[in-house]
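query25.csv follows; it contains CSV, C-alpha atoms.
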```
chain,number,residue,atom,x,y,z
A,28,MET,CA,-27.5,-27.8,8.0
A,29,SER,CA,-23.8,-27.3,7.7
A,30,MET,CA,-22.5,-23.8,7.4
A,31,HIS,CA,-19.5,-22.9,5.2
A,32,ASN,CA,-16.6,-21.6,7.2
A,33,PRO,CA,-15.8,-18.0,5.9
A,34,LEU,CA,-12.2,-18.3,6.9
A,35,GLU,CA,-11.6,-21.4,4.7
A,36,GLN,CA,-11.0,-19.1,1.7
A,37,PHE,CA,-7.7,-17.9,3.3
A,38,GLU,CA,-6.2,-21.4,3.8
A,39,ILE,CA,-3.1,-22.2,1.7
A,40,ASP,CA,-3.6,-25.4,-0.4
A,41,VAL,CA,-0.4,-27.1,-1.8
A,42,TYR,CA,-0.9,-28.2,-5.4
A,43,VAL,CA,2.6,-29.3,-6.4
A,44,PRO,CA,4.9,-30.0,-3.4
A,45,MET,CA,8.5,-29.0,-4.1
A,46,HIS,CA,11.5,-28.6,-1.8
A,47,ILE,CA,15.1,-27.3,-2.2
A,48,GLY,CA,16.9,-28.5,0.9
A,49,SER,CA,14.9,-27.3,3.8
A,50,PHE,CA,13.2,-24.6,1.7
A,51,ASP,CA,9.6,-25.2,0.8
A,52,ILE,CA,9.0,-23.8,-2.7
A,53,SER,CA,5.7,-25.7,-3.3
A,54,LEU,CA,3.2,-24.4,-5.8
A,55,THR,CA,0.3,-23.3,-3.8
A,56,ASN,CA,-3.0,-21.4,-4.5
A,57,ALA,CA,-1.3,-18.2,-3.2
A,58,SER,CA,1.8,-18.6,-5.4
A,59,ILE,CA,-0.2,-19.5,-8.5
A,60,THR,CA,-2.5,-16.4,-8.1
A,61,MET,CA,0.6,-14.2,-7.5
A,62,MET,CA,2.1,-15.5,-10.8
A,63,GLY,CA,-1.2,-15.0,-12.4
A,64,ALA,CA,-1.3,-11.3,-11.2
A,65,VAL,CA,2.3,-10.7,-12.5
A,66,LEU,CA,1.6,-12.5,-15.9
A,67,LEU,CA,-1.7,-10.5,-16.3
A,68,ALA,CA,0.1,-7.2,-15.6
A,69,ILE,CA,2.9,-8.1,-18.1
A,70,ILE,CA,0.5,-9.2,-20.8
A,71,LEU,CA,-1.7,-6.1,-20.3
A,72,ILE,CA,1.2,-3.6,-20.5
A,73,TRP,CA,3.0,-5.5,-23.3
A,74,GLY,CA,-0.1,-6.2,-25.3
A,75,LEU,CA,-1.5,-2.7,-25.1
A,76,THR,CA,1.8,-0.9,-25.8
A,77,ARG,CA,3.0,-3.1,-28.7
A,78,LYS,CA,2.3,-0.6,-31.5
A,79,LEU,CA,3.1,2.7,-29.9
A,80,LYS,CA,1.9,5.8,-31.7
A,81,ILE,CA,2.4,9.5,-31.1
A,82,ILE,CA,-1.4,10.0,-31.1
A,83,PRO,CA,-2.3,7.0,-28.8
A,84,HIS,CA,-5.1,4.6,-29.5
A,85,PRO,CA,-7.6,4.1,-26.6
A,86,ALA,CA,-5.8,1.0,-25.3
A,87,GLN,CA,-2.4,2.7,-25.3
A,88,SER,CA,-3.7,5.8,-23.6
A,89,LEU,CA,-5.2,3.6,-20.9
A,90,VAL,CA,-1.7,2.2,-20.0
A,91,GLU,CA,-0.2,5.7,-20.4
A,92,SER,CA,-2.8,7.3,-18.1
A,93,LEU,CA,-2.2,4.6,-15.5
A,94,TYR,CA,1.6,5.2,-15.6
A,95,TYR,CA,1.1,9.0,-15.5
A,96,PHE,CA,-1.3,8.6,-12.6
A,97,VAL,CA,1.4,6.8,-10.6
A,98,GLN,CA,4.1,9.2,-11.8
A,99,ASN,CA,2.0,12.2,-10.6
A,100,MET,CA,1.4,10.5,-7.3
A,101,VAL,CA,5.1,10.0,-6.8
A,102,GLU,CA,6.0,13.5,-7.9
A,103,SER,CA,3.4,15.1,-5.6
A,104,THR,CA,4.5,13.0,-2.6
A,105,ILE,CA,8.3,12.8,-3.0
A,106,GLY,CA,9.1,15.5,-5.5
A,107,HIS,CA,11.0,15.6,-8.8
A,108,LYS,CA,14.0,13.6,-7.4
A,109,GLY,CA,11.7,10.8,-6.5
A,110,LEU,CA,11.0,9.9,-10.2
A,111,SER,CA,13.6,7.2,-9.9
A,112,VAL,CA,11.3,5.1,-7.8
A,113,VAL,CA,8.3,5.4,-10.2
A,114,PRO,CA,9.0,1.9,-11.8
A,115,PHE,CA,9.0,0.3,-8.3
A,116,ILE,CA,5.8,2.1,-7.2
A,117,PHE,CA,4.1,1.3,-10.5
A,118,SER,CA,5.0,-2.4,-10.2
A,119,LEU,CA,3.8,-2.4,-6.6
A,120,PHE,CA,0.6,-0.7,-7.5
A,121,LEU,CA,-0.2,-3.2,-10.4
A,122,PHE,CA,0.7,-6.2,-8.2
A,123,ILE,CA,-1.5,-5.1,-5.4
A,124,LEU,CA,-4.3,-4.0,-7.8
A,125,PHE,CA,-4.4,-7.3,-9.7
A,126,GLY,CA,-4.1,-9.3,-6.4
A,127,ASN,CA,-7.1,-7.5,-5.0
A,128,LEU,CA,-9.1,-7.8,-8.2
A,129,LEU,CA,-8.2,-11.5,-8.9
A,130,GLY,CA,-9.3,-12.4,-5.4
A,131,LEU,CA,-12.8,-11.5,-6.3
A,132,PHE,CA,-13.1,-14.2,-8.9
A,133,PRO,CA,-14.4,-17.7,-7.9
A,134,TYR,CA,-11.7,-20.2,-7.0
A,135,MET,CA,-9.1,-17.5,-6.9
A,136,PHE,CA,-7.0,-16.7,-3.8
A,137,THR,CA,-6.7,-13.3,-2.3
A,138,PHE,CA,-3.0,-13.2,-1.6
A,139,THR,CA,-3.3,-9.5,-0.4
A,140,SER,CA,-5.1,-10.9,2.7
A,141,HIS,CA,-1.9,-12.7,3.9
A,142,LEU,CA,0.4,-11.0,6.3
A,143,SER,CA,3.5,-12.8,5.0
A,144,ILE,CA,3.0,-11.7,1.4
A,145,VAL,CA,2.0,-8.0,2.0
A,146,GLY,CA,4.6,-7.9,4.8
A,147,ALA,CA,7.4,-9.0,2.5
A,148,ILE,CA,6.5,-6.2,0.0
A,149,ALA,CA,6.4,-3.6,2.9
A,150,PHE,CA,9.7,-4.9,4.1
A,151,LEU,CA,11.2,-4.4,0.6
A,152,ALA,CA,10.0,-0.8,0.7
A,153,LEU,CA,11.7,-0.4,4.1
A,154,ILE,CA,15.0,-1.7,2.7
A,155,ILE,CA,14.7,0.4,-0.4
A,156,SER,CA,14.0,3.5,1.7
A,157,MET,CA,17.0,2.9,3.9
A,158,ILE,CA,19.3,2.2,0.9
A,159,LEU,CA,18.1,5.3,-0.9
A,160,GLY,CA,18.3,7.4,2.2
A,161,VAL,CA,22.0,6.5,2.8
A,162,TYR,CA,22.8,6.8,-0.9
A,163,HIS,CA,21.3,10.3,-1.2
A,164,LYS,CA,22.2,11.8,2.2
A,165,GLY,CA,25.1,9.6,3.5
A,166,PHE,CA,25.3,9.1,7.2
A,167,SER,CA,23.3,12.3,7.9
A,168,TRP,CA,20.2,10.2,7.0
A,169,PHE,CA,20.5,8.8,10.5
A,170,HIS,CA,19.3,12.2,11.7
A,171,VAL,CA,15.8,10.8,11.0
A,172,PHE,CA,16.1,9.1,14.4
A,173,PHE,CA,17.5,12.1,16.2
A,174,PRO,CA,16.8,15.4,14.4
A,175,LYS,CA,19.3,18.3,14.7
A,176,GLY,CA,18.6,20.8,17.5
A,177,VAL,CA,17.0,18.3,19.9
A,178,PRO,CA,18.6,18.3,23.4
A,179,TRP,CA,20.9,15.3,24.0
A,180,LEU,CA,19.2,14.7,27.4
A,181,ILE,CA,16.2,13.1,25.8
A,182,ALA,CA,18.2,11.0,23.3
A,183,PRO,CA,17.9,7.7,25.4
A,184,ILE,CA,14.1,8.0,25.1
A,185,MET,CA,13.7,9.6,21.7
A,186,ILE,CA,16.1,7.4,19.7
A,187,PRO,CA,14.4,4.0,20.6
A,188,ILE,CA,10.9,5.5,20.0
A,189,GLU,CA,12.0,6.9,16.6
A,190,ILE,CA,13.6,3.6,15.6
A,191,ILE,CA,10.5,1.6,16.6
A,192,SER,CA,8.3,4.2,14.8
A,193,PHE,CA,10.4,3.8,11.6
A,194,LEU,CA,10.5,0.0,11.8
A,195,SER,CA,6.8,-0.3,12.6
A,196,LYS,CA,5.7,1.5,9.5
A,197,PRO,CA,5.8,-1.6,7.3
A,198,PHE,CA,3.8,-3.4,9.9
A,199,SER,CA,1.0,-0.8,10.0
A,200,LEU,CA,1.1,-0.6,6.1
A,201,THR,CA,0.6,-4.4,6.0
A,202,LEU,CA,-2.0,-4.6,8.7
A,203,ARG,CA,-4.1,-1.9,7.0
A,204,LEU,CA,-4.3,-3.7,3.6
A,205,VAL,CA,-4.7,-7.2,5.2
A,206,MET,CA,-7.5,-6.0,7.5
A,207,ASN,CA,-9.4,-4.3,4.7
A,208,MET,CA,-9.1,-7.3,2.4
A,209,THR,CA,-9.9,-9.9,5.1
A,210,VAL,CA,-12.9,-8.1,6.4
A,211,GLY,CA,-14.3,-7.5,2.9
A,212,HIS,CA,-14.0,-11.2,1.8
A,213,ILE,CA,-15.4,-12.5,5.1
A,214,MET,CA,-18.4,-10.2,4.7
A,215,LEU,CA,-18.9,-11.4,1.1
A,216,GLU,CA,-18.7,-15.1,2.0
A,217,VAL,CA,-21.1,-14.7,5.0
A,218,VAL,CA,-23.7,-12.8,2.9
A,219,ALA,CA,-23.3,-15.2,0.0
A,220,GLY,CA,-23.9,-18.1,2.4
A,221,PHE,CA,-27.4,-16.9,3.0
A,222,VAL,CA,-28.4,-17.1,-0.7
A,223,PHE,CA,-29.0,-20.8,-0.7
A,224,ALA,CA,-29.8,-21.0,3.1
A,225,LEU,CA,-32.8,-18.7,2.7
A,226,GLY,CA,-34.3,-20.6,-0.3
A,227,LEU,CA,-36.7,-18.4,-2.3
A,228,ALA,CA,-36.0,-15.3,-0.1
A,229,GLY,CA,-32.4,-15.7,-1.1
A,230,PHE,CA,-32.7,-13.1,-3.8
A,231,VAL,CA,-32.3,-10.4,-1.1
A,232,PRO,CA,-28.8,-11.6,0.0
A,233,LEU,CA,-28.0,-12.3,-3.7
A,234,LEU,CA,-28.7,-8.6,-4.5
A,235,PHE,CA,-26.7,-7.5,-1.5
A,236,THR,CA,-23.8,-9.8,-2.6
A,237,ALA,CA,-23.8,-8.2,-6.0
A,238,ILE,CA,-23.7,-4.7,-4.4
A,239,LEU,CA,-20.9,-5.9,-2.1
A,240,ILE,CA,-18.8,-7.2,-5.0
A,241,LEU,CA,-19.1,-3.8,-6.7
A,242,PHE,CA,-18.1,-2.2,-3.4
A,243,GLU,CA,-15.1,-4.6,-3.1
A,244,LEU,CA,-14.0,-3.8,-6.6
A,245,PHE,CA,-13.9,-0.1,-5.5
A,246,ILE,CA,-12.1,-1.1,-2.2
A,247,GLY,CA,-9.6,-3.2,-4.2
A,248,VAL,CA,-8.6,-0.2,-6.4
A,249,LEU,CA,-8.7,2.2,-3.5
A,250,GLN,CA,-6.5,0.0,-1.3
A,251,ALA,CA,-3.9,-0.5,-4.1
A,252,TYR,CA,-3.8,3.3,-4.3
A,253,ILE,CA,-3.5,3.8,-0.6
A,254,TYR,CA,-0.8,1.2,-0.3
A,255,SER,CA,1.2,2.8,-3.1
A,256,ILE,CA,0.8,6.4,-1.8
A,257,LEU,CA,1.8,5.3,1.8
A,258,SER,CA,4.8,3.5,0.4
A,259,CYS,CA,5.6,6.8,-1.4
A,260,ILE,CA,5.3,8.8,1.8
A,261,TYR,CA,7.5,6.1,3.4
A,262,LEU,CA,10.1,6.5,0.7
A,263,SER,CA,9.9,10.3,0.8
A,264,GLU,CA,11.9,10.2,4.0
A,265,ALA,CA,14.9,9.1,1.9
A,266,PHE,CA,14.6,12.2,-0.3
A,267,GLU,CA,13.6,14.8,2.3
A,268,GLY,CA,15.5,18.1,1.9
A,269,GLU,CA,16.7,17.1,-1.6
A,270,ASN,CA,14.1,19.2,-3.5
A,271,ASP,CA,14.8,22.4,-1.6
B,12,MET,CA,-4.6,29.9,-40.8
B,13,ASN,CA,-6.4,32.3,-38.4
B,14,GLU,CA,-9.0,29.6,-37.9
B,15,GLU,CA,-6.4,27.1,-36.9
B,16,LYS,CA,-4.9,29.5,-34.4
B,17,THR,CA,-8.3,30.2,-32.8
B,18,GLN,CA,-8.9,26.4,-32.6
B,19,ILE,CA,-5.6,25.8,-30.9
B,20,ALA,CA,-6.3,28.7,-28.5
B,21,GLU,CA,-9.7,27.2,-27.7
B,22,ILE,CA,-8.1,23.8,-27.1
B,23,LYS,CA,-5.5,25.4,-24.8
B,24,VAL,CA,-8.2,27.0,-22.8
B,25,GLN,CA,-10.1,23.7,-22.5
B,26,ILE,CA,-6.9,21.9,-21.4
B,27,GLU,CA,-6.2,24.5,-18.7
B,28,ALA,CA,-9.8,24.3,-17.5
B,29,LEU,CA,-9.5,20.4,-17.3
B,30,LYS,CA,-6.2,20.7,-15.4
B,31,GLY,CA,-7.8,23.0,-12.9
B,32,LYS,CA,-10.7,20.5,-12.4
B,33,LEU,CA,-8.1,17.7,-12.0
B,34,SER,CA,-6.0,19.4,-9.4
B,35,SER,CA,-9.1,20.4,-7.3
B,36,SER,CA,-10.3,16.8,-7.3
B,37,LYS,CA,-6.8,15.5,-6.4
B,38,LYS,CA,-6.8,17.5,-3.2
B,39,LYS,CA,-9.5,15.3,-1.7
B,40,SER,CA,-8.2,13.3,1.2
B,41,ILE,CA,-7.7,9.5,0.7
B,42,GLU,CA,-8.4,8.5,4.3
B,43,THR,CA,-11.4,10.6,5.3
B,44,SER,CA,-14.0,7.8,5.7
B,45,GLY,CA,-14.6,6.6,9.2
B,46,LEU,CA,-13.7,2.9,8.6
B,47,ASN,CA,-10.4,3.9,6.8
B,48,LEU,CA,-9.5,6.3,9.6
B,49,SER,CA,-10.2,3.8,12.3
B,50,ILE,CA,-8.2,1.0,10.5
B,51,MET,CA,-5.3,3.5,10.0
B,52,ILE,CA,-5.2,4.4,13.8
B,53,ILE,CA,-5.5,0.7,14.9
B,54,SER,CA,-2.8,-0.5,12.4
B,55,ASP,CA,-0.5,2.4,13.5
B,56,LEU,CA,-0.9,1.6,17.2
B,57,ALA,CA,-0.7,-2.1,16.7
B,58,GLY,CA,2.4,-1.9,14.5
B,59,GLY,CA,4.3,0.2,17.1
B,60,LEU,CA,3.3,-2.2,19.9
B,61,LEU,CA,4.2,-5.3,17.9
B,62,VAL,CA,7.7,-4.0,16.9
B,63,GLY,CA,8.4,-2.7,20.4
B,64,ALA,CA,7.3,-6.0,22.1
B,65,GLY,CA,9.2,-8.0,19.4
B,66,ILE,CA,12.5,-6.1,20.1
B,67,GLY,CA,11.9,-6.4,23.8
B,68,TYR,CA,11.2,-10.1,23.6
B,69,MET,CA,14.3,-10.7,21.5
B,70,LEU,CA,16.5,-8.8,24.0
B,71,TYR,CA,14.9,-10.8,26.8
B,72,ALA,CA,15.1,-14.3,25.2
B,73,LEU,CA,18.3,-14.0,23.2
B,74,PHE,CA,20.5,-11.9,25.6
B,75,ASP,CA,18.9,-12.9,28.9
B,76,ALA,CA,18.0,-9.3,29.6
B,77,HIS,CA,15.9,-8.3,32.6
B,78,LEU,CA,12.1,-8.5,32.3
B,79,VAL,CA,12.0,-4.7,32.9
B,80,VAL,CA,13.7,-4.3,29.4
B,81,LEU,CA,10.8,-6.2,27.8
B,82,ALA,CA,8.3,-3.9,29.6
B,83,LEU,CA,10.3,-0.8,28.7
B,84,PHE,CA,10.3,-1.8,25.0
B,85,VAL,CA,6.5,-2.5,25.1
B,86,LEU,CA,6.2,1.1,26.5
B,87,PHE,CA,8.5,2.5,23.8
B,88,GLY,CA,6.4,0.6,21.2
B,89,GLY,CA,3.2,2.2,22.5
B,90,PHE,CA,4.7,5.6,22.3
B,91,ALA,CA,6.1,4.9,18.8
B,92,GLY,CA,2.5,3.8,17.8
B,93,LEU,CA,1.2,7.1,19.1
B,94,LEU,CA,3.9,9.0,17.2
B,95,ASN,CA,2.9,7.2,14.0
B,96,VAL,CA,-0.8,8.1,14.5
B,97,TYR,CA,0.3,11.7,15.2
B,98,LYS,CA,2.4,11.7,12.0
B,99,SER,CA,-0.4,10.2,9.9
B,100,ILE,CA,-3.0,12.6,11.2
B,101,SER,CA,-0.7,15.6,10.6
B,102,HIS,CA,-0.1,14.4,7.1
B,103,LEU,CA,-3.9,14.2,6.5
B,104,GLU,CA,-4.4,17.7,8.0
B,105,LYS,CA,-1.7,19.1,5.8
B,106,GLU,CA,-3.3,17.4,2.8
B,107,LYS,CA,-6.7,18.8,3.7
B,108,HIS,CA,-5.3,22.4,4.0
B,109,GLN,CA,-3.4,22.3,0.7
```
Represent the supplied structure as structure tokens.
Amino acid sequence: MSMHNPLEQFEIDVYVPMHIGSFDISLTNASITMMGAVLLAIILIWGLTRKLKIIPHPAQSLVESLYYFVQNMVESTIGHKGLSVVPFIFSLFLFILFGNLLGLFPYMFTFTSHLSIVGAIAFLALIISMILGVYHKGFSWFHVFFPKGVPWLIAPIMIPIEIISFLSKPFSLTLRLVMNMTVGHIMLEVVAGFVFALGLAGFVPLLFTAILILFELFIGVLQAYIYSILSCIYLSEAFEGEND
Amino acid sequence: MNEEKTQIAEIKVQIEALKGKLSSSKKKSIETSGLNLSIMIISDLAGGLLVGAGIGYMLYALFDAHLVVLALFVLFGGFAGLLNVYKSISHLEKEKHQ
């Protein structure tokens, strides 16, 4: 009896090969799912907020509550000055959320389980944090790496550690989401593999798979929230001291 | 007219009560489960080590630096990872006490 490889679901399949010079811009299962997530988010937001009313209908209030949820999250983490990053955090939250949820559908690809994709978003947050930091505080932002009042004697040790600590935040952010998604999907695939293998007794793993899918739905939403709030904490360094 | 005013006052009281409920539920920590906490610590440590080792390797391979530089940056990376764990845990503690 051949066993299905649970890691096969993370393999990238090229559907339409395309190249621009040495750049590979082929349409793959990952890129198609990513476009699907973006399209779904646009259709949902656009579709539900087409006829805006002062007293919102249930669909409009769903989108509004989602936006206010992200806005409150940003305000409580960064402060009032951080409201300028709400559109970025909201887009990030929706992209990760739809990525996590779409990955649970059959034949869909979980792009949030790939280091390169999640890493690119975390790297974007790093760049934005640096730009906003320098924009708001000028060169005094570099005191993040060597706070005022610290003796100069420990500078050769402290500065490299602080720089590495700053640069490693996107890595830990990425690893956290990727590990959660990968572990969850491997567990789902392994348990689902027992449904047919056990014959009549397969209803036990089938029930367990159903429970796991519900759990993964919860994890998908929670991880999107955690990723967004950690990005907020990350971006808050750029605004520190601004709200005083 | 008076009835309307009392209705509005009642609604205001209800809104305030709901706001109170919302703020108390918001204060719950996001990373309190064992699995989340362990993944957080592992990713923070691994992130620091990876970046430290990466910088050290770049200096070693591209600029022909001494092997000690690579070892030093791995060490710095380990300390940076520990610093990140400390920062994350302090943030969680702060969140818990708020």
Would you kindly return, as a ChimeraX atom specification, each protein, DNA or RNA residue with an atom no farther than 9 Å from any atom of Ala57 in chain B, considering only C-alpha atoms and excluding same-chain residues fewer than 5 positions away? /A:195,198-199,202 /B:52,62,88-89,92
Taking C-alpha atoms for each residue, export the selection above as a PDB file, keeping the file's coordinate frame.
```pdb
ATOM      1  CA  SER A 195       6.800  -0.300  12.600  1.00  0.00           C
ATOM      2  CA  PHE A 198       3.800  -3.400   9.900  1.00  0.00           C
ATOM      3  CA  SER A 199       1.000  -0.800  10.000  1.00  0.00           C
ATOM      4  CA  LEU A 202      -2.000  -4.600   8.700  1.00  0.00           C
TER       5      LEU A 202
ATOM      6  CA  ILE B  52      -5.200   4.400  13.800  1.00  0.00           C
ATOM      7  CA  VAL B  62       7.700  -4.000  16.900  1.00  0.00           C
ATOM      8  CA  GLY B  88       6.400   0.600  21.200  1.00  0.00           C
ATOM      9  CA  GLY B  89       3.200   2.200  22.500  1.00  0.00           C
ATOM     10  CA  GLY B  92       2.500   3.800  17.800  1.00  0.00           C
TER      11      GLY B  92
END
```
For a test of reading the model, state the distance in Å between CA of Lys80 in chain A and CA of Ile123 in chain A, rounded to one decimal. 28.7 Å
Contact residues around Ile52 in chain A with all atoms listed in the file at 12 Å, ignoring same-chain residues under 6 positions, as a PyMOL selection string: chain A and resi 41-46+58-59
Please tabulate, as a Markdown table, the residues of chain B that come within 6 Å of chain A, each with its closest pair of atoms and the distance in Å to one decimal, counting only C-alpha atoms and ordering rows by chain, then residue number upward.
```
| residue | atom | partner | partner_atom | distance |
| --- | --- | --- | --- | --- |
| B:Ser54 | CA | A:Ser199 | CA | 4.5 |
| B:Asp55 | CA | A:Ser199 | CA | 5.0 |
| B:Gly58 | CA | A:Ser199 | CA | 4.8 |
| B:Gly59 | CA | A:Ser195 | CA | 5.2 |
| B:Val62 | CA | A:Ser195 | CA | 5.7 |
| B:Phe87 | CA | A:Ile188 | CA | 5.4 |
| B:Ala91 | CA | A:Ser192 | CA | 4.6 |
```
May I have the residues within 8 Å of Cys259 in chain A as a PyMOL selection string, using all atoms listed in the file and disregarding those fewer than 5 positions away in the same chain? chain A and resi 101+104-105+116
Work out how far CA of Asn127 in chain A is from CA of Thr209 in chain A, in Å to one decimal. 10.8 Å
Taking 6 positions as the minimum chain separation for residues in the same chain, which residues sit within 7 Å of Val85 in chain B when counting all atoms listed in the file? Answer as a VMD selection string. chain B and resid 60 63 to 64 67
When you draw a straight line from CA of Gly146 in chain A to CA of Val205 in chain A, how long is it in Å? 9.3 Å
Can you tell me, as a ChimeraX atom specification, what residues are no more than 9 Å from His212 in chain A when counting all atoms listed in the file, ignoring any on the same chain fewer than 2 positions away? /A:33-34,36,130-131,137,140,207-210,214-217,243
Can you spit out the residues from that selection as a PDB file, keeping the file's coordinate frame, using C-alpha atoms?
```pdb
ATOM      1  CA  PRO A  33     -15.800 -18.000   5.900  1.00  0.00           C
ATOM      2  CA  LEU A  34     -12.200 -18.300   6.900  1.00  0.00           C
ATOM      3  CA  GLN A  36     -11.000 -19.100   1.700  1.00  0.00           C
ATOM      4  CA  GLY A 130      -9.300 -12.400  -5.400  1.00  0.00           C
ATOM      5  CA  LEU A 131     -12.800 -11.500  -6.300  1.00  0.00           C
ATOM      6  CA  THR A 137      -6.700 -13.300  -2.300  1.00  0.00           C
ATOM      7  CA  SER A 140      -5.100 -10.900   2.700  1.00  0.00           C
ATOM      8  CA  ASN A 207      -9.400  -4.300   4.700  1.00  0.00           C
ATOM      9  CA  MET A 208      -9.100  -7.300   2.400  1.00  0.00           C
ATOM     10  CA  THR A 209      -9.900  -9.900   5.100  1.00  0.00           C
ATOM     11  CA  VAL A 210     -12.900  -8.100   6.400  1.00  0.00           C
ATOM     12  CA  MET A 214     -18.400 -10.200   4.700  1.00  0.00           C
ATOM     13  CA  LEU A 215     -18.900 -11.400   1.100  1.00  0.00           C
ATOM     14  CA  GLU A 216     -18.700 -15.100   2.000  1.00  0.00           C
ATOM     15  CA  VAL A 217     -21.100 -14.700   5.000  1.00  0.00           C
ATOM     16  CA  GLU A 243     -15.100  -4.600  -3.100  1.00  0.00           C
TER      17      GLU A 243
END
```
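Proximity of B:Leu73, B:Ile100, B:Leu83, B:Ile50 to Pro183 in chain A, computed with only C-alpha atoms, is greatest for B:Leu83.
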Could you check which residues have any atom within 6 Å of (-0.2, -3.9, -1.2), counting all atoms listed in the file with coordinates taken straight from the file, and then list them as a JSON list (two decimals) with C-alpha atoms, in the frame of the given file?
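Output contents, as saved in point_32.json:
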```json
[["chain", "number", "residue", "atom", "x", "y", "z"],
["A", 123, "ILE", "CA", -1.50, -5.10, -5.40],
["A", 145, "VAL", "CA", 2.00, -8.00, 2.00],
["A", 251, "ALA", "CA", -3.90, -0.50, -4.10],
["A", 254, "TYR", "CA", -0.80, 1.20, -0.30]]
```
